[in-house]
>>> print(open('data-v9.cif').read())   # mmCIF, C-alpha atoms
data_work
#
loop_
_atom_site.label_atom_id
_atom_site.label_comp_id
_atom_site.auth_asym_id
_atom_site.auth_seq_id
_atom_site.Cartn_x
_atom_site.Cartn_y
_atom_site.Cartn_z
CA MET A 1 -4.51 1.80 4.47
CA SER A 2 -7.85 1.45 6.27
CA ASN A 3 -8.53 -1.40 8.69
CA GLU A 4 -10.92 -2.99 6.18
CA SER A 5 -8.36 -2.83 3.38
CA GLN A 6 -5.66 -4.26 5.61
CA TRP A 7 -7.97 -7.11 6.68
CA ALA A 8 -8.77 -7.90 3.05
CA ALA A 9 -5.09 -7.85 2.10
CA ASP A 10 -4.23 -10.16 5.00
CA ALA A 11 -7.04 -12.55 4.06
CA LEU A 12 -5.82 -12.75 0.46
CA SER A 13 -2.30 -13.38 1.68
CA ARG A 14 -3.45 -16.23 3.92
CA GLU A 15 -5.50 -17.75 1.10
CA ALA A 16 -2.54 -17.60 -1.27
CA ALA A 17 -0.39 -19.39 1.31
CA LEU A 18 -2.79 -22.36 1.61
CA PRO A 19 -1.95 -25.49 -0.44
CA ASN A 20 -4.36 -26.14 -3.31
CA ASP A 21 -4.44 -29.94 -2.89
CA LEU A 22 -6.07 -30.29 0.53
CA TRP A 23 -9.26 -31.88 -0.84
CA GLN A 24 -10.01 -35.04 -2.78
CA ALA A 25 -13.19 -36.01 -4.62
CA CYS A 26 -14.00 -39.73 -4.56
CA PRO A 27 -14.45 -41.00 -8.16
CA TYR A 28 -17.12 -43.44 -7.00
CA CYS A 29 -19.40 -41.64 -4.49
CA HIS A 30 -18.29 -38.16 -5.69
CA LYS A 31 -18.06 -36.81 -2.15
CA THR A 32 -15.25 -34.36 -1.50
CA GLN A 33 -13.18 -35.10 1.57
CA TYR A 34 -10.25 -33.61 3.38
CA LYS A 35 -7.44 -35.45 1.62
CA LYS A 36 -5.84 -36.79 4.78
CA ARG A 37 -9.05 -38.68 5.57
CA PHE A 38 -8.23 -41.08 2.71
CA GLY A 39 -5.14 -42.18 4.64
CA ALA A 40 -1.98 -43.81 3.38
CA LEU A 41 -3.97 -46.51 1.53
CA ARG A 42 -6.05 -43.84 -0.28
CA VAL A 43 -9.47 -45.29 0.62
CA CYS A 44 -12.63 -43.16 0.68
CA PRO A 45 -13.85 -42.96 4.31
CA ASP A 46 -17.50 -42.88 3.17
CA CYS A 47 -17.87 -45.58 0.52
CA GLY A 48 -14.69 -47.66 0.82
CA TYR A 49 -13.60 -47.12 -2.77
CA GLY A 50 -9.82 -47.27 -3.13
CA LEU A 51 -8.14 -44.65 -5.26
CA ARG A 52 -5.58 -46.01 -7.68
CA LEU A 53 -2.26 -46.96 -6.11
CA GLY A 54 1.10 -47.08 -7.85
CA VAL A 55 3.11 -50.29 -7.90
CA THR A 56 5.56 -49.18 -5.20
CA ALA A 57 2.75 -48.40 -2.75
CA ARG A 58 0.97 -51.67 -3.55
CA ILE A 59 4.04 -53.78 -2.93
CA ALA A 60 4.84 -51.89 0.28
CA GLN A 61 1.34 -52.53 1.61
CA LEU A 62 1.13 -56.20 0.66
CA THR A 63 4.57 -57.63 1.25
CA SER A 64 7.15 -57.99 3.98
CA ARG A 65 9.76 -58.88 1.37
CA PHE A 66 9.90 -58.45 -2.40
CA ASP A 67 12.66 -59.49 -4.82
CA PRO A 68 11.93 -58.20 -8.33
CA TRP A 69 12.29 -60.25 -11.49
CA ASP A 70 12.96 -59.02 -15.05
CA GLN A 71 13.37 -55.39 -13.93
CA ASP A 72 15.14 -54.30 -17.11
CA LEU A 73 13.05 -56.21 -19.64
CA ASP A 74 11.97 -53.79 -22.36
CA LEU A 75 11.06 -53.64 -26.05
CA PRO A 76 14.08 -53.73 -28.36
CA SER A 77 12.30 -51.02 -30.34
CA ALA A 78 8.84 -49.49 -30.04
CA PRO A 79 6.25 -50.19 -32.77
CA THR A 80 5.90 -47.45 -35.34
CA PHE A 81 2.44 -46.35 -34.22
CA PRO A 82 2.52 -42.52 -34.45
CA GLY A 83 3.59 -40.95 -31.15
CA TYR A 84 3.80 -44.27 -29.30
CA ALA A 85 7.52 -44.15 -28.50
CA GLU A 86 7.15 -40.66 -27.01
CA LYS A 87 4.02 -41.59 -25.01
CA ARG A 88 5.69 -44.68 -23.62
CA ALA A 89 8.83 -42.77 -22.67
CA ALA A 90 6.67 -40.20 -20.86
CA ALA A 91 4.89 -43.00 -18.96
CA GLN A 92 8.23 -44.47 -17.94
CA ALA A 93 9.44 -41.11 -16.69
CA SER A 94 6.28 -40.30 -14.71
CA SER A 95 5.68 -43.76 -13.20
CA GLY A 96 9.26 -44.86 -12.64
CA GLN A 97 8.39 -48.23 -14.23
CA VAL A 98 9.73 -49.80 -17.42
CA ASP A 99 6.25 -51.01 -18.36
CA SER A 100 2.82 -51.76 -16.93
CA VAL A 101 3.62 -54.69 -14.63
CA VAL A 102 6.17 -55.47 -11.92
CA THR A 103 6.88 -59.10 -11.02
CA GLY A 104 8.96 -60.91 -8.44
CA ARG A 105 9.18 -63.26 -5.50
CA ALA A 106 7.36 -62.02 -2.40
CA HIS A 107 6.34 -62.78 1.16
CA ILE A 108 2.70 -61.95 1.95
CA GLY A 109 1.37 -62.67 5.43
CA GLY A 110 4.46 -64.76 6.12
CA GLN A 111 3.86 -66.93 3.04
CA ARG A 112 6.07 -67.20 -0.05
CA CYS A 113 4.61 -66.54 -3.49
CA ALA A 114 5.32 -65.13 -6.91
CA LEU A 115 3.71 -61.71 -7.27
CA GLY A 116 2.65 -59.59 -10.23
CA VAL A 117 1.32 -56.05 -9.79
CA MET A 118 -0.07 -54.06 -12.70
CA ALA A 119 0.58 -50.31 -12.77
CA PRO A 120 -2.52 -48.14 -13.39
CA ASP A 121 -0.27 -45.09 -13.81
CA PHE A 122 1.55 -46.63 -16.79
CA MET A 123 -0.72 -46.11 -19.80
CA LEU A 124 -3.62 -47.30 -17.59
CA GLY A 125 -1.95 -50.67 -17.04
CA SER A 126 -2.49 -51.65 -20.67
CA LEU A 127 -1.28 -55.09 -21.75
CA GLY A 128 1.57 -55.04 -24.24
CA GLN A 129 4.48 -57.26 -25.21
CA VAL A 130 6.64 -56.43 -22.20
CA ALA A 131 3.85 -56.97 -19.65
CA GLY A 132 2.77 -60.20 -21.36
CA THR A 133 6.32 -61.55 -21.38
CA LYS A 134 6.91 -60.64 -17.73
CA LEU A 135 3.66 -62.27 -16.63
CA THR A 136 4.41 -65.41 -18.66
CA ARG A 137 7.85 -65.64 -17.07
CA LEU A 138 6.25 -65.08 -13.66
CA PHE A 139 4.10 -68.19 -14.03
CA ASP A 140 6.92 -70.23 -15.59
CA ARG A 141 9.36 -69.41 -12.78
CA ALA A 142 6.68 -69.97 -10.16
CA ARG A 143 5.94 -73.39 -11.62
CA GLU A 144 9.62 -74.34 -11.54
CA ALA A 145 9.97 -73.13 -7.94
CA ARG A 146 6.62 -74.65 -6.86
CA LEU A 147 5.28 -71.26 -5.79
CA PRO A 148 1.69 -69.99 -5.79
CA VAL A 149 1.06 -66.87 -7.87
CA VAL A 150 -0.77 -63.70 -6.84
CA VAL A 151 -1.57 -61.07 -9.49
CA LEU A 152 -3.15 -57.67 -8.83
CA THR A 153 -4.80 -56.50 -12.02
CA ALA A 154 -5.35 -52.88 -13.06
CA SER A 155 -5.80 -52.35 -16.76
CA GLY A 156 -7.78 -50.71 -19.50
CA GLY A 157 -7.13 -53.75 -21.69
CA ALA A 158 -4.84 -54.60 -24.59
CA ARG A 159 -2.50 -51.81 -25.72
CA MET A 160 -3.84 -50.75 -29.10
CA GLN A 161 -0.54 -49.20 -30.24
CA GLU A 162 1.02 -52.67 -30.33
CA GLY A 163 -1.77 -54.16 -32.43
CA ILE A 164 -1.93 -57.93 -32.87
CA ARG A 165 1.23 -58.38 -30.78
CA SER A 166 -0.68 -57.04 -27.81
CA LEU A 167 -3.66 -59.33 -28.38
CA MET A 168 -1.29 -62.32 -28.58
CA GLN A 169 -0.29 -61.68 -24.95
CA MET A 170 -3.74 -62.77 -23.78
CA ALA A 171 -3.23 -66.29 -25.15
CA LYS A 172 0.43 -66.39 -24.10
CA VAL A 173 -0.25 -65.53 -20.46
CA SER A 174 -3.34 -67.77 -20.34
CA SER A 175 -1.25 -70.69 -21.57
CA ALA A 176 1.29 -70.08 -18.79
CA VAL A 177 -1.56 -69.93 -16.25
CA ALA A 178 -2.88 -73.27 -17.51
CA ALA A 179 0.55 -74.93 -17.16
CA HIS A 180 0.91 -73.53 -13.63
CA SER A 181 -2.55 -74.83 -12.72
CA ALA A 182 -1.82 -78.25 -14.23
CA ALA A 183 1.15 -78.47 -11.87
CA GLY A 184 -1.29 -78.25 -8.95
CA LEU A 185 -0.31 -74.74 -7.88
CA LEU A 186 -2.54 -71.95 -6.59
CA TYR A 187 -3.32 -68.78 -8.53
CA VAL A 188 -5.03 -65.85 -6.76
CA THR A 189 -6.15 -62.75 -8.62
CA VAL A 190 -7.08 -59.44 -7.04
CA LEU A 191 -9.13 -57.20 -9.33
CA THR A 192 -8.49 -53.51 -8.73
CA ASP A 193 -10.04 -50.51 -10.43
CA PRO A 194 -10.23 -50.75 -13.40
CA THR A 195 -9.87 -54.30 -14.72
CA MET A 196 -11.18 -54.20 -18.26
CA GLY A 197 -10.79 -55.47 -21.81
CA GLY A 198 -8.33 -58.18 -22.76
CA VAL A 199 -7.03 -58.54 -19.20
CA THR A 200 -10.53 -59.43 -17.97
CA ALA A 201 -10.96 -61.74 -20.96
CA SER A 202 -7.83 -63.69 -20.03
CA PHE A 203 -5.69 -64.05 -16.92
CA ALA A 204 -7.67 -61.76 -14.57
CA MET A 205 -10.56 -64.23 -14.48
CA GLN A 206 -8.50 -67.43 -14.48
CA GLY A 207 -7.63 -67.38 -10.78
CA ASP A 208 -8.51 -70.31 -8.56
CA VAL A 209 -9.66 -67.63 -6.14
CA ILE A 210 -10.74 -64.26 -7.52
CA LEU A 211 -10.90 -61.30 -5.15
CA ALA A 212 -11.79 -57.68 -5.85
CA GLU A 213 -11.54 -54.37 -4.06
CA PRO A 214 -14.84 -52.58 -3.32
CA HIS A 215 -16.52 -50.88 -6.28
CA THR A 216 -13.85 -52.00 -8.76
CA MET A 217 -14.92 -51.68 -12.38
CA VAL A 218 -14.73 -55.10 -14.04
CA GLY A 219 -15.72 -55.82 -17.62
CA PHE A 220 -14.75 -56.21 -21.23
CA ALA A 221 -16.23 -53.41 -23.35
CA GLY A 222 -16.76 -50.03 -21.70
CA ARG A 223 -20.12 -48.64 -20.62
CA ARG A 224 -20.34 -46.06 -23.41
CA VAL A 225 -19.58 -48.64 -26.10
CA ILE A 226 -22.28 -50.99 -24.81
CA GLU A 227 -24.88 -48.25 -24.40
CA ALA A 228 -24.22 -47.01 -27.93
CA THR A 229 -24.52 -50.57 -29.25
CA ILE A 230 -27.78 -51.54 -27.52
CA ASN A 231 -29.21 -48.00 -27.42
CA GLN A 232 -30.11 -48.35 -23.74
CA GLN A 233 -28.86 -46.81 -20.53
CA LEU A 234 -27.17 -49.31 -18.25
CA PRO A 235 -27.77 -49.55 -14.47
CA ALA A 236 -25.52 -47.43 -12.26
CA GLU A 237 -23.83 -50.48 -10.72
CA PHE A 238 -23.24 -52.21 -14.04
CA GLN A 239 -19.70 -53.68 -14.20
CA ARG A 240 -18.97 -52.94 -10.55
CA ALA A 241 -17.41 -55.64 -8.37
CA GLU A 242 -20.54 -55.97 -6.23
CA THR A 243 -22.65 -56.80 -9.30
CA VAL A 244 -20.02 -59.17 -10.64
CA LEU A 245 -19.94 -60.93 -7.26
CA ALA A 246 -23.72 -61.27 -7.22
CA GLN A 247 -23.55 -62.94 -10.64
CA GLY A 248 -21.00 -65.47 -9.38
CA PHE A 249 -17.97 -64.39 -11.39
CA ILE A 250 -15.75 -63.53 -8.42
CA ASP A 251 -15.39 -65.07 -4.98
CA ALA A 252 -15.16 -62.17 -2.54
CA ILE A 253 -14.81 -58.42 -2.17
CA VAL A 254 -11.99 -57.53 0.22
CA PRO A 255 -11.27 -54.03 1.56
CA ARG A 256 -7.79 -52.83 0.70
CA ALA A 257 -6.56 -52.84 4.30
CA ALA A 258 -7.52 -56.52 4.66
CA LEU A 259 -5.77 -57.77 1.52
CA PRO A 260 -2.43 -58.81 3.09
CA GLN A 261 -4.15 -60.89 5.78
CA THR A 262 -6.67 -62.42 3.36
CA ILE A 263 -4.09 -63.34 0.74
CA GLY A 264 -1.72 -64.67 3.38
CA HIS A 265 -4.51 -66.86 4.78
CA LEU A 266 -5.29 -68.28 1.32
CA LEU A 267 -1.61 -69.03 0.69
CA ALA A 268 -1.31 -70.74 4.08
CA LEU A 269 -4.38 -72.91 3.39
CA HIS A 270 -2.94 -73.94 0.03
CA GLN A 271 0.36 -74.85 1.65
CA GLU A 272 -1.42 -77.02 4.23
CA VAL A 273 -3.45 -78.82 1.57
CA GLY A 274 -0.39 -79.38 -0.59
CA ALA A 275 1.80 -80.58 2.27
#
>>> encode(input="data-v9.cif", output="structure tokens")
Amino acid sequence: MSNESQWAADALSREAALPNDLWQACPYCHKTQYKKRFGALRVCPDCGYGLRLGVTARIAQLTSRFDPWDQDLDLPSAPTFPGYAEKRAAAQASSGQVDSVVTGRAHIGGQRCALGVMAPDFMLGSLGQVAGTKLTRLFDRAREARLPVVVLTASGGARMQEGIRSLMQMAKVSSAVAAHSAAGLLYVTVLTDPTMGGVTASFAMQGDVILAEPHTMVGFAGRRVIEATINQQLPAEFQRAETVLAQGFIDAIVPRAALPQTIGHLLALHQEVGA
């Protein structure tokens, strides 16, 4: 074999040995970065957009202690929507979660609270009967224990396969939020990408303090639906957290790394006021 042929063979061998997942494109600014630059929190080093995090990673970042509630709560039987049972089983297997929200008692920044974290990797965090029941119980138990509630939202909206039962969860959770608020207890929501549909139209926007991660998509109907309805192209920043903040619908945009400190500070202030 000639020197040139040997060099080419060696180059191909080295290329084949390289991992194929060294790079990551940011969904917001579309810049491709060396994957390690996103860090453990998966935040774009250029624009600050946070890639979607699973529930386990979220809880690990936010809390110093977490005791789960209602871990085994599940549907007695899946609705008969074609293929739904199989799709849900696949989501359970891939995410390691029973459904699209995990709830429990937590310590954030040294402060006690009841915590709910929605799972974007479980059918895009869609709101169904299990998630609605777990969130309702979260607020009920928090009210009984006199705990503030923190909920991190991540959802495409109501889960269409569960039909009207899914839509009923909006009112059910909102009612539990209202009872918790009437008891004089704090509710903090953190909007993460995406927070859309029935979740935005209910408990995501009912917080006493509403935070959002940078560039989070927040809205009800999706961009394509609205553009098709009004026959106009929407601005690039339409439904992004920065625009929603400018219109007064949320209170602050907080980088992912600062969330534990910010939430802990809010919980501490509430405790001082309530003391």
>>> residues_around(input="data-v9.cif", residues="A:Met196", least_positions_apart="4", cutoff="12 Å", atoms="all atoms listed in the file", output="JSON, numbers by chain")
{"A": [120, 124, 125, 126, 127, 153, 154, 155, 156, 157, 158, 159, 191, 192, 200, 201, 202, 203, 204, 205, 216, 217, 218, 219, 220, 221, 222, 223, 239, 240, 241]}
>>> resolve_selection(input="data-v9.cif", expression="the PyMOL selection byres ((chain A and resi 47-58) around 8)", output="PyMOL selection string")
chain A and resi 26-29+41-46+59-62+95+102+117-121+193+213-216+255-256
>>> closest_residue(input="data-v9.cif", among="A:Val173, A:Leu259, A:Ala236, A:Leu22", to="A:Gln129", atoms="only C-alpha atoms")
A:Val173
>>> closest_residue(input="data-v9.cif", among="A:Pro76, A:Gly109, A:Gly83, A:Pro148", to="A:Val130", atoms="only C-alpha atoms")
A:Pro76
>>> residues_around(input="data-v9.cif", residues="A:Ile210", least_positions_apart="4", cutoff="8 Å", atoms="all atoms listed in the file", output="PDB file with C-alpha atoms, keeping the file's coordinate frame")
ATOM      1  CA  VAL A 188      -5.030 -65.850  -6.760  1.00  0.00           C
ATOM      2  CA  THR A 189      -6.150 -62.750  -8.620  1.00  0.00           C
ATOM      3  CA  VAL A 190      -7.080 -59.440  -7.040  1.00  0.00           C
ATOM      4  CA  LEU A 191      -9.130 -57.200  -9.330  1.00  0.00           C
ATOM      5  CA  MET A 205     -10.560 -64.230 -14.480  1.00  0.00           C
ATOM      6  CA  GLN A 206      -8.500 -67.430 -14.480  1.00  0.00           C
ATOM      7  CA  ILE A 250     -15.750 -63.530  -8.420  1.00  0.00           C
ATOM      8  CA  ASP A 251     -15.390 -65.070  -4.980  1.00  0.00           C
ATOM      9  CA  ALA A 252     -15.160 -62.170  -2.540  1.00  0.00           C
TER      10      ALA A 252
END
>>> closest_residue(input="data-v9.cif", among="A:Ala91, A:His180, A:Val149, A:Ala142", to="A:Phe122", atoms="only C-alpha atoms")
A:Ala91
>>> closest_residue(input="data-v9.cif", among="A:Pro194, A:Leu267, A:Arg165, A:Val209", to="A:Ala114", atoms="all atoms listed in the file")
A:Leu267
>>> atom_distance(input="data-v9.cif", atom1="atom CA of A:Arg143", atom2="atom CA of A:Gly110")
19.8 Å
>>> residues_around(input="data-v9.cif", residues="A:Asp74", least_positions_apart="4", cutoff="10 Å", atoms="all atoms listed in the file", output="list in words")
Asp70, Ala78, Val98, Asp99, Gln129, Val130, Ala131, Thr133 and Lys134 of chain A
>>> atom_distance(input="data-v9.cif", atom1="atom CA of A:Trp69", atom2="atom CA of A:Gly163")
25.9 Å
>>> atom_distance(input="data-v9.cif", atom1="atom CA of A:Ser100", atom2="atom CA of A:Thr63")
19.2 Å
>>> closest_residue(input="data-v9.cif", among="A:Gly197, A:Leu266, A:Asp208, A:Gly104", to="A:Met160", atoms="only C-alpha atoms")
A:Gly197
>>> closest_residue(input="data-v9.cif", among="A:Lys31, A:Arg146, A:His107, A:Arg88", to="A:Ser181", atoms="only C-alpha atoms")
A:Arg146
>>> residues_around(input="data-v9.cif", residues="A:Tyr34", least_positions_apart="5", cutoff="10 Å", atoms="only C-alpha atoms", output="PDB file with C-alpha atoms, keeping the file's coordinate frame")
ATOM      1  CA  ASP A  21      -4.440 -29.940  -2.890  1.00  0.00           C
ATOM      2  CA  LEU A  22      -6.070 -30.290   0.530  1.00  0.00           C
ATOM      3  CA  TRP A  23      -9.260 -31.880  -0.840  1.00  0.00           C
ATOM      4  CA  GLN A  24     -10.010 -35.040  -2.780  1.00  0.00           C
ATOM      5  CA  ALA A  25     -13.190 -36.010  -4.620  1.00  0.00           C
TER       6      ALA A  25
END
